[in-house]
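Structure data follow from upload.tsv (TSV, C-alpha atoms):
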```tsv
chain	number	residue	atom	x	y	z
A	1	MET	CA	-36.99	-46.71	-155.07
A	2	ARG	CA	-34.78	-49.83	-155.49
A	3	LYS	CA	-32.24	-48.33	-153.05
A	4	VAL	CA	-34.99	-47.75	-150.46
A	5	VAL	CA	-36.24	-51.33	-150.83
A	6	GLY	CA	-32.68	-52.63	-150.53
A	7	LEU	CA	-32.10	-50.64	-147.35
A	8	LEU	CA	-35.35	-51.93	-145.85
A	9	VAL	CA	-34.39	-55.56	-146.65
A	10	ALA	CA	-30.95	-55.10	-145.08
A	11	LEU	CA	-32.49	-53.52	-141.99
A	12	LEU	CA	-34.93	-56.42	-141.59
A	13	MET	CA	-32.08	-58.95	-141.87
A	14	ILE	CA	-30.06	-57.16	-139.15
A	15	MET	CA	-33.10	-57.01	-136.85
A	16	SER	CA	-33.68	-60.74	-137.41
A	17	LEU	CA	-30.12	-61.60	-136.42
A	18	VAL	CA	-30.37	-59.51	-133.25
A	19	ALA	CA	-33.65	-61.19	-132.29
A	20	CYS	CA	-31.98	-64.62	-132.67
A	21	GLY	CA	-29.25	-63.70	-130.23
A	22	GLY	CA	-26.45	-63.82	-132.78
A	23	GLY	CA	-27.15	-67.41	-133.87
A	24	GLY	CA	-26.41	-69.21	-130.49
A	25	ASP	CA	-27.59	-72.79	-129.86
A	26	ALA	CA	-31.00	-72.44	-128.19
A	27	GLY	CA	-30.75	-75.94	-126.74
A	28	SER	CA	-27.22	-75.69	-125.40
A	29	GLY	CA	-28.34	-74.55	-121.96
A	30	GLY	CA	-26.27	-71.35	-121.81
A	31	GLY	CA	-24.16	-70.40	-118.81
A	32	ASP	CA	-26.86	-71.06	-116.22
A	33	GLY	CA	-28.04	-74.40	-117.60
A	34	ALA	CA	-31.46	-73.05	-118.75
A	35	SER	CA	-32.70	-74.71	-121.93
A	36	ALA	CA	-35.64	-74.16	-124.26
A	37	GLU	CA	-37.00	-77.66	-123.64
A	38	PRO	CA	-36.62	-79.85	-120.53
A	39	ILE	CA	-34.13	-82.68	-120.80
A	40	THR	CA	-35.63	-86.03	-119.80
A	41	LEU	CA	-33.47	-88.93	-118.68
A	42	ARG	CA	-34.68	-92.50	-118.27
A	43	VAL	CA	-33.72	-94.10	-114.95
A	44	ALA	CA	-33.95	-97.87	-114.44
A	45	VAL	CA	-34.41	-98.86	-110.77
A	46	GLN	CA	-34.18	-102.50	-109.73
A	47	SER	CA	-36.16	-102.03	-106.50
A	48	ASN	CA	-39.92	-101.77	-106.15
A	49	GLU	CA	-41.73	-98.54	-105.37
A	50	ASP	CA	-41.91	-99.19	-101.63
A	51	HIS	CA	-38.23	-99.94	-101.25
A	52	GLU	CA	-35.99	-97.38	-99.54
A	53	THR	CA	-33.64	-97.22	-102.55
A	54	CYS	CA	-36.47	-96.39	-104.93
A	55	LYS	CA	-37.74	-93.76	-102.50
A	56	ALA	CA	-34.23	-92.28	-102.46
A	57	VAL	CA	-34.18	-92.08	-106.26
A	58	ARG	CA	-37.55	-90.34	-106.17
A	59	ARG	CA	-36.03	-87.75	-103.83
A	60	VAL	CA	-33.10	-87.34	-106.21
A	61	ALA	CA	-35.53	-86.69	-109.06
A	62	GLU	CA	-37.44	-84.09	-107.06
A	63	LYS	CA	-34.25	-82.31	-106.03
A	64	VAL	CA	-32.81	-82.29	-109.54
A	65	GLU	CA	-36.02	-80.97	-111.07
A	66	ALA	CA	-36.27	-78.24	-108.43
A	67	GLU	CA	-32.63	-77.13	-108.67
A	68	THR	CA	-32.73	-77.00	-112.47
A	69	ASP	CA	-36.07	-75.13	-112.49
A	70	GLY	CA	-37.66	-78.01	-114.35
A	71	GLY	CA	-34.85	-78.19	-116.90
A	72	LEU	CA	-33.82	-81.75	-116.05
A	73	ILE	CA	-36.43	-84.46	-115.52
A	74	LEU	CA	-35.72	-87.99	-114.30
A	75	GLU	CA	-38.26	-90.48	-115.60
A	76	ILE	CA	-38.11	-93.43	-113.18
A	77	TYR	CA	-38.91	-97.04	-114.10
A	78	SER	CA	-38.98	-99.17	-110.94
A	79	ASP	CA	-39.36	-102.94	-110.41
A	80	SER	CA	-36.80	-103.77	-113.15
A	81	ALA	CA	-39.38	-102.61	-115.71
A	82	LEU	CA	-36.65	-101.93	-118.30
A	83	GLY	CA	-35.03	-105.36	-117.90
A	84	ASP	CA	-32.91	-107.39	-115.50
A	85	TYR	CA	-29.75	-105.91	-114.02
A	86	SER	CA	-27.40	-107.53	-116.56
A	87	ALA	CA	-29.34	-106.25	-119.58
A	88	VAL	CA	-29.78	-102.79	-118.07
A	89	PHE	CA	-26.06	-102.52	-117.31
A	90	ASP	CA	-25.33	-103.12	-120.99
A	91	GLU	CA	-27.99	-100.63	-122.10
A	92	VAL	CA	-26.57	-97.89	-119.89
A	93	ARG	CA	-23.13	-98.68	-121.27
A	94	GLN	CA	-24.51	-98.27	-124.80
A	95	GLY	CA	-26.60	-95.21	-123.91
A	96	THR	CA	-30.04	-96.65	-124.68
A	97	ILE	CA	-30.88	-96.19	-120.98
A	98	ASP	CA	-29.47	-93.08	-119.31
A	99	ILE	CA	-29.14	-94.03	-115.63
A	100	ALA	CA	-29.50	-97.18	-113.53
A	101	VAL	CA	-29.70	-97.85	-109.79
A	102	GLN	CA	-29.25	-101.58	-109.35
A	103	SER	CA	-26.97	-104.50	-108.57
A	104	ILE	CA	-23.68	-104.39	-110.44
A	105	SER	CA	-23.11	-106.96	-113.14
A	106	GLY	CA	-19.73	-108.68	-113.19
A	107	GLU	CA	-20.27	-109.85	-116.76
A	108	TYR	CA	-17.76	-107.36	-118.18
A	109	ASP	CA	-15.36	-107.37	-115.27
A	110	PRO	CA	-15.51	-109.54	-112.09
A	111	ALA	CA	-13.86	-106.64	-110.23
A	112	LEU	CA	-17.19	-104.81	-110.35
A	113	GLU	CA	-18.56	-107.26	-107.79
A	114	VAL	CA	-16.03	-106.32	-105.10
A	115	PHE	CA	-18.79	-104.68	-103.05
A	116	TYR	CA	-20.21	-108.19	-102.53
A	117	LEU	CA	-16.93	-109.64	-101.26
A	118	PRO	CA	-17.76	-111.77	-98.16
A	119	TYR	CA	-16.80	-110.12	-94.89
A	120	LEU	CA	-15.40	-107.03	-96.52
A	121	PHE	CA	-16.64	-105.51	-93.25
A	122	THR	CA	-18.74	-106.64	-90.28
A	123	ASN	CA	-20.54	-103.48	-89.10
A	124	TYR	CA	-21.91	-100.21	-90.43
A	125	GLU	CA	-18.96	-98.09	-89.33
A	126	GLU	CA	-16.58	-100.31	-91.29
A	127	SER	CA	-18.89	-100.47	-94.30
A	128	ALA	CA	-19.07	-96.68	-94.58
A	129	LYS	CA	-15.27	-96.47	-94.73
A	130	VAL	CA	-15.09	-98.91	-97.63
A	131	LEU	CA	-18.23	-98.14	-99.66
A	132	SER	CA	-18.23	-94.34	-99.39
A	133	GLU	CA	-16.75	-91.89	-101.86
A	134	GLY	CA	-13.05	-91.40	-101.16
A	135	SER	CA	-12.06	-94.98	-100.29
A	136	ASN	CA	-9.58	-96.92	-102.42
A	137	THR	CA	-12.20	-99.54	-103.27
A	138	TYR	CA	-14.73	-96.87	-104.28
A	139	LYS	CA	-12.13	-95.13	-106.46
A	140	LEU	CA	-11.33	-98.42	-108.17
A	141	ILE	CA	-15.02	-98.92	-108.99
A	142	GLN	CA	-15.27	-95.35	-110.31
A	143	ASP	CA	-12.30	-95.95	-112.59
A	144	LYS	CA	-13.72	-99.26	-113.80
A	145	PHE	CA	-17.02	-97.62	-114.71
A	146	ASP	CA	-15.20	-94.79	-116.44
A	147	SER	CA	-13.30	-97.30	-118.58
A	148	TYR	CA	-16.64	-98.77	-119.68
A	149	GLY	CA	-18.04	-95.36	-120.63
A	150	MET	CA	-20.10	-94.75	-117.50
A	151	VAL	CA	-20.10	-92.34	-114.56
A	152	TYR	CA	-20.37	-93.95	-111.10
A	153	MET	CA	-22.63	-91.97	-108.75
A	154	GLY	CA	-22.77	-93.82	-105.45
A	155	CYS	CA	-23.33	-97.05	-103.54
A	156	TYR	CA	-26.79	-97.36	-101.96
A	157	VAL	CA	-26.56	-99.81	-99.07
A	158	GLU	CA	-29.71	-101.69	-98.09
A	159	GLY	CA	-28.77	-103.89	-95.15
A	160	PHE	CA	-26.51	-106.74	-94.10
A	161	VAL	CA	-27.03	-110.18	-95.57
A	162	GLN	CA	-27.75	-112.81	-92.91
A	163	VAL	CA	-28.30	-116.55	-92.63
A	164	ALA	CA	-31.83	-117.82	-91.95
A	165	SER	CA	-32.99	-121.37	-91.33
A	166	ASN	CA	-35.80	-123.59	-90.13
A	167	THR	CA	-33.29	-125.79	-88.23
A	168	PHE	CA	-31.20	-124.58	-85.32
A	169	ILE	CA	-27.47	-124.12	-85.97
A	170	ASP	CA	-25.81	-124.57	-82.58
A	171	ASN	CA	-22.22	-123.94	-83.72
A	172	MET	CA	-22.66	-120.96	-86.02
A	173	ALA	CA	-20.03	-118.93	-84.14
A	174	ASP	CA	-17.36	-121.57	-84.80
A	175	PRO	CA	-16.42	-121.29	-88.48
A	176	SER	CA	-14.15	-124.34	-88.26
A	177	ALA	CA	-16.96	-126.66	-87.12
A	178	LYS	CA	-18.81	-128.97	-89.47
A	179	LYS	CA	-22.53	-128.19	-89.77
A	180	ASP	CA	-25.36	-130.51	-90.79
A	181	VAL	CA	-27.71	-127.79	-92.06
A	182	LEU	CA	-28.12	-127.59	-95.86
A	183	ILE	CA	-27.84	-123.97	-96.94
A	184	ARG	CA	-29.04	-122.51	-100.20
A	185	CYS	CA	-26.53	-120.07	-101.70
A	186	PRO	CA	-27.02	-117.70	-104.64
A	187	ALA	CA	-25.39	-118.66	-107.93
A	188	ILE	CA	-22.33	-116.57	-107.13
A	189	GLU	CA	-19.03	-118.32	-106.47
A	190	SER	CA	-18.02	-116.06	-103.57
A	191	GLY	CA	-21.30	-116.84	-101.79
A	192	ARG	CA	-20.84	-120.58	-102.06
A	193	LEU	CA	-17.19	-120.41	-101.00
A	194	GLN	CA	-17.92	-118.53	-97.80
A	195	MET	CA	-20.51	-121.08	-96.64
A	196	ASP	CA	-18.47	-124.11	-97.75
A	197	CYS	CA	-15.44	-122.97	-95.75
A	198	GLN	CA	-17.59	-122.72	-92.61
A	199	GLY	CA	-18.52	-126.39	-92.85
A	200	PHE	CA	-21.97	-126.04	-94.43
A	201	PRO	CA	-23.26	-128.37	-97.14
A	202	THR	CA	-24.59	-126.05	-99.84
A	203	VAL	CA	-26.99	-126.14	-102.74
A	204	THR	CA	-27.90	-123.66	-105.47
A	205	ILE	CA	-31.64	-123.20	-105.91
A	206	PRO	CA	-33.29	-120.52	-108.08
A	207	TYR	CA	-34.60	-117.70	-105.93
A	208	ALA	CA	-38.10	-118.16	-107.36
A	209	ASP	CA	-38.13	-121.68	-105.88
A	210	LEU	CA	-36.61	-120.78	-102.50
A	211	TYR	CA	-39.81	-120.31	-100.49
A	212	THR	CA	-41.18	-123.71	-101.52
A	213	SER	CA	-37.79	-125.33	-100.98
A	214	LEU	CA	-37.65	-124.05	-97.39
A	215	GLN	CA	-41.27	-125.03	-96.84
A	216	THR	CA	-40.75	-128.60	-98.08
A	217	LYS	CA	-37.29	-128.99	-96.50
A	218	VAL	CA	-35.47	-129.31	-99.82
A	219	CYS	CA	-33.02	-127.04	-98.02
A	220	ASP	CA	-32.78	-126.15	-94.34
A	221	GLY	CA	-31.81	-122.51	-94.67
A	222	TRP	CA	-30.38	-119.86	-96.90
A	223	MET	CA	-27.77	-117.14	-97.17
A	224	GLY	CA	-28.47	-114.06	-99.22
A	225	GLY	CA	-31.24	-112.05	-97.58
A	226	THR	CA	-31.41	-109.04	-95.31
A	227	ALA	CA	-33.55	-108.99	-92.17
A	228	GLU	CA	-36.11	-107.00	-94.16
A	229	LEU	CA	-36.30	-109.57	-96.96
A	230	ASN	CA	-36.58	-112.42	-94.47
A	231	TYR	CA	-39.43	-110.66	-92.69
A	232	VAL	CA	-41.32	-109.62	-95.80
A	233	SER	CA	-40.93	-112.81	-97.84
A	234	PHE	CA	-39.84	-115.75	-95.66
A	235	ARG	CA	-41.08	-115.27	-92.10
A	236	ASP	CA	-43.52	-118.19	-92.43
A	237	VAL	CA	-40.86	-120.70	-93.52
A	238	ILE	CA	-37.96	-119.84	-91.20
A	239	LYS	CA	-37.55	-120.20	-87.45
A	240	TYR	CA	-34.13	-118.64	-86.91
A	241	LEU	CA	-32.18	-115.63	-88.13
A	242	TYR	CA	-28.42	-115.51	-87.50
A	243	VAL	CA	-27.08	-111.95	-87.53
A	244	VAL	CA	-23.65	-112.72	-88.98
A	245	ASN	CA	-23.34	-109.66	-91.26
A	246	CYS	CA	-21.60	-111.63	-94.01
A	247	GLN	CA	-22.21	-109.21	-96.90
A	248	MET	CA	-23.91	-105.90	-97.58
A	249	GLU	CA	-26.88	-105.84	-99.91
A	250	ASN	CA	-26.39	-102.80	-102.12
A	251	ASN	CA	-27.27	-101.11	-105.37
A	252	SER	CA	-25.14	-98.72	-107.39
A	253	ALA	CA	-26.08	-95.59	-109.31
A	254	PHE	CA	-24.37	-95.09	-112.66
A	255	MET	CA	-24.95	-93.15	-115.86
A	256	ASN	CA	-23.88	-93.24	-119.49
A	257	LYS	CA	-20.81	-91.02	-119.66
A	258	GLU	CA	-21.54	-89.51	-123.08
A	259	THR	CA	-25.04	-88.52	-121.97
A	260	TYR	CA	-23.67	-87.10	-118.72
A	261	GLU	CA	-21.09	-84.98	-120.51
A	262	SER	CA	-23.69	-83.71	-122.97
A	263	LEU	CA	-25.53	-81.98	-120.11
A	264	PRO	CA	-24.72	-78.37	-119.15
A	265	GLU	CA	-22.00	-78.34	-116.50
A	266	ASP	CA	-24.29	-77.03	-113.78
A	267	TYR	CA	-26.77	-79.82	-114.54
A	268	GLN	CA	-23.94	-82.38	-114.25
A	269	LYS	CA	-23.01	-81.13	-110.79
A	270	ILE	CA	-26.62	-80.97	-109.57
A	271	LEU	CA	-27.30	-84.51	-110.80
A	272	TYR	CA	-24.07	-86.02	-109.47
A	273	ASP	CA	-24.36	-84.32	-106.08
A	274	ALA	CA	-27.99	-85.37	-105.64
A	275	PHE	CA	-27.17	-89.04	-106.25
A	276	THR	CA	-24.02	-89.14	-104.10
A	277	GLU	CA	-25.69	-87.29	-101.22
A	278	GLU	CA	-28.55	-89.80	-101.10
A	279	ALA	CA	-26.03	-92.64	-101.27
A	280	ALA	CA	-24.19	-91.23	-98.23
A	281	LEU	CA	-27.47	-91.10	-96.29
A	282	SER	CA	-28.29	-94.72	-97.12
A	283	PHE	CA	-25.98	-96.10	-94.42
A	284	ASP	CA	-28.03	-94.69	-91.55
A	285	ARG	CA	-31.28	-95.64	-93.29
A	286	ALA	CA	-30.11	-99.21	-93.83
A	287	GLU	CA	-28.99	-99.63	-90.23
A	288	ALA	CA	-32.35	-98.36	-88.99
A	289	THR	CA	-34.16	-100.67	-91.42
A	290	ASP	CA	-32.09	-103.63	-90.22
A	291	ASN	CA	-32.89	-102.93	-86.59
A	292	ASP	CA	-36.57	-102.38	-87.30
A	293	ASN	CA	-36.97	-105.64	-89.19
A	294	ILE	CA	-34.97	-107.65	-86.67
A	295	GLN	CA	-37.47	-106.49	-84.07
A	296	LYS	CA	-40.36	-107.39	-86.38
A	297	LEU	CA	-38.95	-110.89	-86.77
A	298	LYS	CA	-38.68	-111.25	-82.99
A	299	ASP	CA	-42.23	-110.03	-82.54
A	300	TYR	CA	-43.39	-112.57	-85.12
A	301	GLY	CA	-41.80	-115.38	-83.17
A	302	ILE	CA	-38.56	-115.85	-85.08
A	303	GLU	CA	-35.56	-116.52	-82.83
A	304	VAL	CA	-32.87	-113.96	-83.69
A	305	VAL	CA	-29.35	-115.05	-82.77
A	306	THR	CA	-26.79	-112.25	-82.44
A	307	TYR	CA	-23.04	-112.26	-81.98
A	308	THR	CA	-20.50	-110.02	-80.32
A	309	GLN	CA	-18.05	-108.03	-82.41
A	310	ASP	CA	-15.28	-110.39	-81.29
A	311	GLU	CA	-17.28	-113.39	-82.50
A	312	LEU	CA	-17.99	-111.69	-85.84
A	313	ASP	CA	-14.28	-110.91	-86.20
A	314	VAL	CA	-13.44	-114.60	-85.71
A	315	ILE	CA	-15.88	-115.64	-88.46
A	316	ALA	CA	-14.71	-112.84	-90.75
A	317	SER	CA	-11.03	-113.67	-90.28
A	318	TRP	CA	-11.68	-117.34	-91.07
A	319	VAL	CA	-13.69	-116.62	-94.22
A	320	ARG	CA	-11.18	-114.06	-95.49
A	321	ASP	CA	-8.31	-116.46	-94.93
A	322	LYS	CA	-10.08	-119.37	-96.64
A	323	THR	CA	-11.72	-117.60	-99.59
A	324	TRP	CA	-10.26	-114.22	-100.44
A	325	ASP	CA	-7.31	-115.55	-102.45
A	326	LYS	CA	-9.78	-117.37	-104.72
A	327	ASP	CA	-11.98	-114.28	-104.93
A	328	PHE	CA	-9.05	-112.06	-105.84
A	329	GLU	CA	-7.95	-114.54	-108.51
A	330	MET	CA	-11.27	-113.78	-110.20
A	331	MET	CA	-11.37	-110.04	-109.41
A	332	GLY	CA	-7.73	-109.12	-110.00
A	333	ASP	CA	-4.71	-107.82	-108.12
A	334	ASP	CA	-5.88	-104.19	-108.42
A	335	VAL	CA	-8.97	-105.12	-106.39
A	336	LYS	CA	-6.84	-106.87	-103.79
A	337	ASP	CA	-4.56	-103.84	-103.48
A	338	ALA	CA	-7.52	-101.46	-103.04
A	339	VAL	CA	-9.25	-103.65	-100.44
A	340	TYR	CA	-6.05	-104.22	-98.47
A	341	ALA	CA	-5.35	-100.48	-98.45
A	342	ASP	CA	-8.84	-99.79	-97.06
A	343	MET	CA	-8.35	-102.55	-94.45
A	344	GLY	CA	-5.03	-100.96	-93.38
A	345	TRP	CA	-3.11	-104.13	-94.27
```

Same coordinates, now as structure tokens:
Amino acid sequence: MRKVVGLLVALLMIMSLVACGGGGDAGSGGGDGASAEPITLRVAVQSNEDHETCKAVRRVAEKVEAETDGGLILEIYSDSALGDYSAVFDEVRQGTIDIAVQSISGEYDPALEVFYLPYLFTNYEESAKVLSEGSNTYKLIQDKFDSYGMVYMGCYVEGFVQVASNTFIDNMADPSAKKDVLIRCPAIESGRLQMDCQGFPTVTIPYADLYTSLQTKVCDGWMGGTAELNYVSFRDVIKYLYVVNCQMENNSAFMNKETYESLPEDYQKILYDAFTEEAALSFDRAEATDNDNIQKLKDYGIEVVTYTQDELDVIASWVRDKTWDKDFEMMGDDVKDAVYADMGW
């Protein structure tokens, strides 16, 4: 009887092992990435829900969820709900937030702000060559993020930064001429330098106070906004928009490297490809958005002043000559080498 009981117990143990699949990790994802429970990643997005970049991230989430059969879920927090861009950058680095799509913080390395270098390009064709995957500058940013324990997943362009004012600037196309229009610049050294070298008196005013400052003539104009931002937020306190294409407003997508590498390999590829594909599409979207909002400004009664490519090249050459050495002192020789290689210099 004891032998029969012993045989039955042994048989039950063997059957139990077979049912468990030989003791494999049920949550490891297996060869096809399927897992017992969906993996949820928190995504911090700087933009609001109506912004094109946030809409792009929503499309990324839908594509990822579909291609992983619901195995990977992106939980999106828009409108900087998880903190400002500096704090979120640090949290992604530490892994307390999984992914961010936002402005890049130069707190850890000034080189990370190279995408905001004044007159890095003057049109969309040039910008795509520099900001797209495969360029020297892009590779440098990828390597920088990797060194900080993060995976870089694309630059989302949003439109060229312009100059807007409530006073006419009659010599904008001559960068060597002295201007008498007080321009508000963001609290970024490269922004102030590029306006100073063009003969503008400048002032730094908090963005929250900018509308009132333009309204009450504390300043005459500002540099730092796209055509869209000027239409949405400042069309009642400006009279002129100067399409000088001095910088490209952009956000970057990046993820905690340890979290990324913990995903099944097929999930990694699906996630990375979804983000980089949307980033590549952002150039055409941004150009269309620029054109649409320039027309809206015209229709509203704002005088839009445009310049030929030759005129933009003159301004760009002047600003590069006067400011880039100082910018590269802050950003480093590796940034200079990457930018010069992309410029063909």

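For the choices A:Ile76, A:Ala253, A:Val203, A:Val157, the atom-to-atom distance to Ala274 of chain A is smallest for A:Ala253 when using all atoms listed in the file.
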
Counting all atoms listed in the file, which residues of segment 134-215 of chain A sit at most 8 Å from some atom of segment 223-241 of chain A, and what is each one's closest atom pair with its distance in Å to one decimal, listed by chain and rising residue number, as JSON lines?
```
{"residue": "A:Gly159", "atom": "CA", "partner": "A:Thr226", "partner_atom": "CA", "distance": 5.8}
{"residue": "A:Phe160", "atom": "CA", "partner": "A:Thr226", "partner_atom": "CA", "distance": 5.5}
{"residue": "A:Val161", "atom": "CA", "partner": "A:Thr226", "partner_atom": "CA", "distance": 4.5}
{"residue": "A:Gln162", "atom": "CA", "partner": "A:Thr226", "partner_atom": "CA", "distance": 5.8}
{"residue": "A:Val163", "atom": "CA", "partner": "A:Met223", "partner_atom": "CA", "distance": 4.6}
{"residue": "A:Ala164", "atom": "CA", "partner": "A:Leu241", "partner_atom": "CA", "distance": 4.4}
{"residue": "A:Ser165", "atom": "CA", "partner": "A:Ile238", "partner_atom": "CA", "distance": 5.2}
{"residue": "A:Asn166", "atom": "CA", "partner": "A:Ile238", "partner_atom": "CA", "distance": 4.5}
{"residue": "A:Thr167", "atom": "CA", "partner": "A:Lys239", "partner_atom": "CA", "distance": 7.1}
{"residue": "A:Phe168", "atom": "CA", "partner": "A:Tyr240", "partner_atom": "CA", "distance": 6.8}
{"residue": "A:Ile183", "atom": "CA", "partner": "A:Met223", "partner_atom": "CA", "distance": 6.8}
{"residue": "A:Arg184", "atom": "CA", "partner": "A:Met223", "partner_atom": "CA", "distance": 6.3}
{"residue": "A:Cys185", "atom": "CA", "partner": "A:Met223", "partner_atom": "CA", "distance": 5.5}
{"residue": "A:Pro186", "atom": "CA", "partner": "A:Gly224", "partner_atom": "CA", "distance": 6.7}
{"residue": "A:Gly191", "atom": "CA", "partner": "A:Met223", "partner_atom": "CA", "distance": 8.0}
{"residue": "A:Tyr211", "atom": "CA", "partner": "A:Phe234", "partner_atom": "CA", "distance": 6.6}
{"residue": "A:Leu214", "atom": "CA", "partner": "A:Val237", "partner_atom": "CA", "distance": 6.0}
{"residue": "A:Gln215", "atom": "CA", "partner": "A:Val237", "partner_atom": "CA", "distance": 5.5}
```

(message) Measuring between only C-alpha atoms, which one of A:Tyr300, A:Trp345, A:Trp324, A:Phe283 shows the shortest distance to Glu125 of chain A?
(response) A:Phe283

Cut-off 10 Å: closest segment 50-144 of chain A/segment 255-272 of chain A atom pairs per residue, using all atoms listed in the file, as CSV:
```
residue,atom,partner,partner_atom,distance
A:Val60,CA,A:Leu271,CA,7.9
A:Ala61,CA,A:Leu271,CA,8.7
A:Lys63,CA,A:Ile270,CA,8.5
A:Val64,CA,A:Leu271,CA,6.1
A:Glu65,CA,A:Leu271,CA,9.4
A:Glu67,CA,A:Ile270,CA,7.2
A:Thr68,CA,A:Tyr267,CA,6.9
A:Gly71,CA,A:Tyr267,CA,8.6
A:Leu72,CA,A:Tyr267,CA,7.5
A:Leu74,CA,A:Leu271,CA,9.8
A:Phe89,CA,A:Met255,CA,9.5
A:Glu91,CA,A:Asn256,CA,8.8
A:Val92,CA,A:Asn256,CA,5.4
A:Arg93,CA,A:Asn256,CA,5.8
A:Gln94,CA,A:Asn256,CA,7.3
A:Gly95,CA,A:Asn256,CA,5.6
A:Thr96,CA,A:Asn256,CA,8.7
A:Ile97,CA,A:Asn256,CA,7.7
A:Asp98,CA,A:Asn256,CA,5.6
A:Ile99,CA,A:Met255,CA,4.3
A:Ala100,CA,A:Met255,CA,6.5
A:Val101,CA,A:Met255,CA,9.0
```

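Proximity to Ser78 of chain A was assessed for A:Asp273, A:Thr289, A:Arg58, A:Gly344 counting all atoms listed in the file; the smallest distance is recorded for A:Arg58.
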
(request) Can you work out which one of A:Asp196, A:Asp321, A:Glu277, A:Glu107 has the shortest atom-to-atom distance to Lys179 of chain A, counting all atoms listed in the file? (result) A:Asp196

(message) With distances taken over only C-alpha atoms, which residue among A:Met153, A:Thr202, A:Val88, A:Lys55 lies nearest Arg42 of chain A?
(response) A:Val88

(message) Please determine, counting only C-alpha atoms, which residue among A:Arg59, A:Glu158, A:Asp90, A:Glu113 has the shortest atom-to-atom distance to Asp284 of chain A.
(response) A:Glu158

(request) Pick out the residues sitting within 12 Å of Asp325 of chain A, and hand them over as an MDAnalysis selection string; count all atoms listed in the file, and ignore anything fewer than 4 positions along from it in its own chain. (result) chainID A and resid 117:118 190 193:194 319:321 329:333 335:336

(request) Identify, on the basis of only C-alpha atoms, every residue whose closest approach to Ser282 of chain A does not exceed 7 Å; exclude the query and any residue fewer than 4 positions from it along the same chain; express the result as a PyMOL selection string. (result) chain A and resi 156-157+278+286

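When atom CA of Gln247 of chain A is paired with atom CA of Tyr124 of chain A, their separation reads 11.1 Å.
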
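Our summary of the geometry notes that atom CA of Gln309 of chain A is positioned 11.2 Å from atom CA of Phe121 of chain A.
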
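Within 7 Å of Ser47 of chain A, once all atoms listed in the file are used and residues closer than 4 positions along the same chain are dropped, the contacting residues are His51, Thr53, Cys54, Ser78, Asp79 and Ser80 of chain A.
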
(request) Please provide as a list in words all residues within 8 Å of Glu75 of chain A, with the sequence filter that same-chain residues fewer than 3 positions apart are discarded (counting only C-alpha atoms). (result) Thr40, Leu41, Arg42 and Val43 of chain A

Just need segment 120-131 of chain A in a file, please: N, CA and C atoms, as a PDB file, in the first residue's frame.
```pdb
ATOM      1  N   LEU A 120      21.537  76.830 -36.262  1.00  0.00           N
ATOM      2  CA  LEU A 120      22.093  75.528 -36.610  1.00  0.00           C
ATOM      3  C   LEU A 120      21.642  75.146 -38.023  1.00  0.00           C
ATOM      4  N   PHE A 121      20.524  75.742 -38.429  1.00  0.00           N
ATOM      5  CA  PHE A 121      19.965  75.585 -39.779  1.00  0.00           C
ATOM      6  C   PHE A 121      18.979  76.719 -39.990  1.00  0.00           C
ATOM      7  N   THR A 122      18.529  76.914 -41.231  1.00  0.00           N
ATOM      8  CA  THR A 122      17.622  78.026 -41.515  1.00  0.00           C
ATOM      9  C   THR A 122      16.337  77.603 -42.221  1.00  0.00           C
ATOM     10  N   ASN A 123      16.228  76.315 -42.571  1.00  0.00           N
ATOM     11  CA  ASN A 123      15.022  75.832 -43.243  1.00  0.00           C
ATOM     12  C   ASN A 123      14.784  74.370 -42.882  1.00  0.00           C
ATOM     13  N   TYR A 124      13.652  73.839 -43.286  1.00  0.00           N
ATOM     14  CA  TYR A 124      13.285  72.483 -42.867  1.00  0.00           C
ATOM     15  C   TYR A 124      14.162  71.409 -43.498  1.00  0.00           C
ATOM     16  N   GLU A 125      14.598  71.624 -44.718  1.00  0.00           N
ATOM     17  CA  GLU A 125      15.471  70.645 -45.361  1.00  0.00           C
ATOM     18  C   GLU A 125      16.781  70.506 -44.586  1.00  0.00           C
ATOM     19  N   GLU A 126      17.344  71.633 -44.189  1.00  0.00           N
ATOM     20  CA  GLU A 126      18.584  71.607 -43.407  1.00  0.00           C
ATOM     21  C   GLU A 126      18.351  70.991 -42.033  1.00  0.00           C
ATOM     22  N   SER A 127      17.225  71.333 -41.416  1.00  0.00           N
ATOM     23  CA  SER A 127      16.969  70.836 -40.060  1.00  0.00           C
ATOM     24  C   SER A 127      16.841  69.317 -40.027  1.00  0.00           C
ATOM     25  N   ALA A 128      16.236  68.749 -41.066  1.00  0.00           N
ATOM     26  CA  ALA A 128      16.072  67.293 -41.116  1.00  0.00           C
ATOM     27  C   ALA A 128      17.418  66.589 -41.213  1.00  0.00           C
ATOM     28  N   LYS A 129      18.381  67.204 -41.891  1.00  0.00           N
ATOM     29  CA  LYS A 129      19.701  66.600 -42.022  1.00  0.00           C
ATOM     30  C   LYS A 129      20.435  66.552 -40.692  1.00  0.00           C
ATOM     31  N   VAL A 130      20.198  67.548 -39.844  1.00  0.00           N
ATOM     32  CA  VAL A 130      20.924  67.654 -38.583  1.00  0.00           C
ATOM     33  C   VAL A 130      20.211  66.941 -37.430  1.00  0.00           C
ATOM     34  N   LEU A 131      18.893  67.026 -37.381  1.00  0.00           N
ATOM     35  CA  LEU A 131      18.137  66.520 -36.237  1.00  0.00           C
ATOM     36  C   LEU A 131      17.612  65.105 -36.413  1.00  0.00           C
TER      37      LEU A 131
END
```
